[in-house]
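J.: Got a structure for you, questions after.
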Amino acid sequence: MNRISRNISIILRAERLVAQRQLSVAAKRTGFYAAAGLAVGLAVIMLNVAGFFWLSETMSKSLAAIIVAGVNLVLAVILALVANSMTAESDTSAAVELRDMALHDIEDEVRDNFAEARNTIVGLKRDPIGMLSPDIISTVLGVLLRYARRGKNKPD
């Protein structure tokens, strides 16, 4: 039973580590998405105006606007791809492996306990007195020893 509680503790700790790391990555991804949005906003304001005026000197105004918008779109896609490429899998693989090992150990322990209980029940069916007598004898001896110690410790 001690192994089961230890393994449950390990599982909970591993899950907490995984969740903390995933939350950290999610926060960083959110920051990159925000940066992508800010970059797009600044690009729309600054580069669009400057690029539009620069390109409109050599080509039509509509073609200059399309080129400036395309450059802004490429920049936004690059930043979004960087944010999507971030994962917590490499950082959490050890904790996930530890959790899985603890789960397998709990399964083995429970399976062993069921097998032991099954064997005890089978033994009780075959020889009920023989199976219970060691437990009964040890319990009775324990009670008698405690009673004898109390009798010695009592002042007359």
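Order determines the names: the first chain of the structure tokens is A, the second B, and so forth; residues in each chain are numbered 1 upward, and ligands are numbered 1 upward as they are shown.
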As a count of residues only, please: the residues near Leu17 in chain A (cut-off 12 Å, only C-alpha atoms, same-chain neighbours under 2 positions excluded).
T.: 22
J.: Would you mind listing what lies within 12 Å of range 112-115 of chain A as a PyMOL selection string, with only C-alpha atoms counted and same-chain residues fewer than 6 positions away left out?
T.: chain A and resi 1+3-4+105-106+121-122
J.: Output all heavy atoms of each residue in that selection to a file, as a compact mmCIF listing (two decimals), in the first residue's frame.
T.:
```
# COMPACT_ATOMS: atom_id res chain seq x y z
N MET A 1 0.82 -1.19 0.00
CA MET A 1 0.00 0.00 0.00
C MET A 1 0.86 1.26 0.00
O MET A 1 0.48 2.26 -0.57
CB MET A 1 -0.92 -0.05 1.22
CG MET A 1 -2.04 0.91 1.13
SD MET A 1 -3.03 0.61 -0.34
CE MET A 1 -4.63 0.72 0.30
N ARG A 3 3.66 1.63 -1.56
CA ARG A 3 4.10 1.89 -2.93
C ARG A 3 3.01 2.60 -3.72
O ARG A 3 3.30 3.47 -4.53
CB ARG A 3 4.46 0.57 -3.63
CG ARG A 3 5.83 0.07 -3.26
CD ARG A 3 6.20 -1.21 -3.92
NE ARG A 3 5.69 -1.36 -5.27
CZ ARG A 3 5.65 -2.50 -5.91
NH1 ARG A 3 6.08 -3.60 -5.33
NH2 ARG A 3 5.18 -2.58 -7.14
N ILE A 4 1.77 2.23 -3.48
CA ILE A 4 0.68 2.87 -4.20
C ILE A 4 0.60 4.35 -3.86
O ILE A 4 0.49 5.19 -4.74
CB ILE A 4 -0.66 2.16 -3.90
CG1 ILE A 4 -0.65 0.76 -4.52
CG2 ILE A 4 -1.84 2.97 -4.43
CD1 ILE A 4 -1.87 -0.06 -4.18
N ASP A 105 3.47 0.78 -12.24
CA ASP A 105 3.80 0.20 -10.95
C ASP A 105 2.55 0.04 -10.08
O ASP A 105 2.38 -0.97 -9.40
CB ASP A 105 4.85 1.06 -10.24
CG ASP A 105 5.52 0.32 -9.10
OD1 ASP A 105 5.62 -0.92 -9.17
OD2 ASP A 105 5.95 0.99 -8.14
N ILE A 106 1.67 1.03 -10.13
CA ILE A 106 0.40 0.94 -9.38
C ILE A 106 -0.43 -0.22 -9.92
O ILE A 106 -1.01 -1.00 -9.16
CB ILE A 106 -0.38 2.26 -9.45
CG1 ILE A 106 0.30 3.31 -8.57
CG2 ILE A 106 -1.83 2.07 -9.01
CD1 ILE A 106 -0.32 4.68 -8.68
N ILE A 121 -8.53 -16.25 -0.29
CA ILE A 121 -9.91 -16.75 -0.35
C ILE A 121 -9.93 -18.22 -0.72
O ILE A 121 -10.67 -19.02 -0.13
CB ILE A 121 -10.75 -15.90 -1.33
CG1 ILE A 121 -10.96 -14.51 -0.74
CG2 ILE A 121 -12.09 -16.56 -1.61
CD1 ILE A 121 -11.58 -13.53 -1.68
N VAL A 122 -9.09 -18.60 -1.69
CA VAL A 122 -9.00 -20.02 -2.07
C VAL A 122 -8.52 -20.84 -0.88
O VAL A 122 -9.03 -21.93 -0.61
CB VAL A 122 -8.08 -20.20 -3.30
CG1 VAL A 122 -7.74 -21.66 -3.53
CG2 VAL A 122 -8.73 -19.60 -4.54
```
J.: Which residue is closest to Met46 in chain A? Choose from A:Ile66, A:Thr58, A:Asn72, A:Glu97 and count only C-alpha atoms.
T.: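 Among the listed residues, the smallest separation from Met46 in chain A belongs to A:Asn72.
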J.: Quick one: residues within 12 Å of Lys28 in chain A, only C-alpha atoms counted, chain neighbours fewer than 2 positions away excluded, as JSON, numbers by chain?
T.: {"A": [21, 22, 23, 24, 25, 26, 30, 31, 32, 33, 34, 35, 82, 83, 84, 85, 86, 87, 88]}
J.: Can you work out the spacing between CA of Ile8 in chain A and CA of Leu103 in chain A in Å, to one decimal?
T.: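 If I compute the distance from CA of Ile8 in chain A to CA of Leu103 in chain A, I get 7.9 Å.
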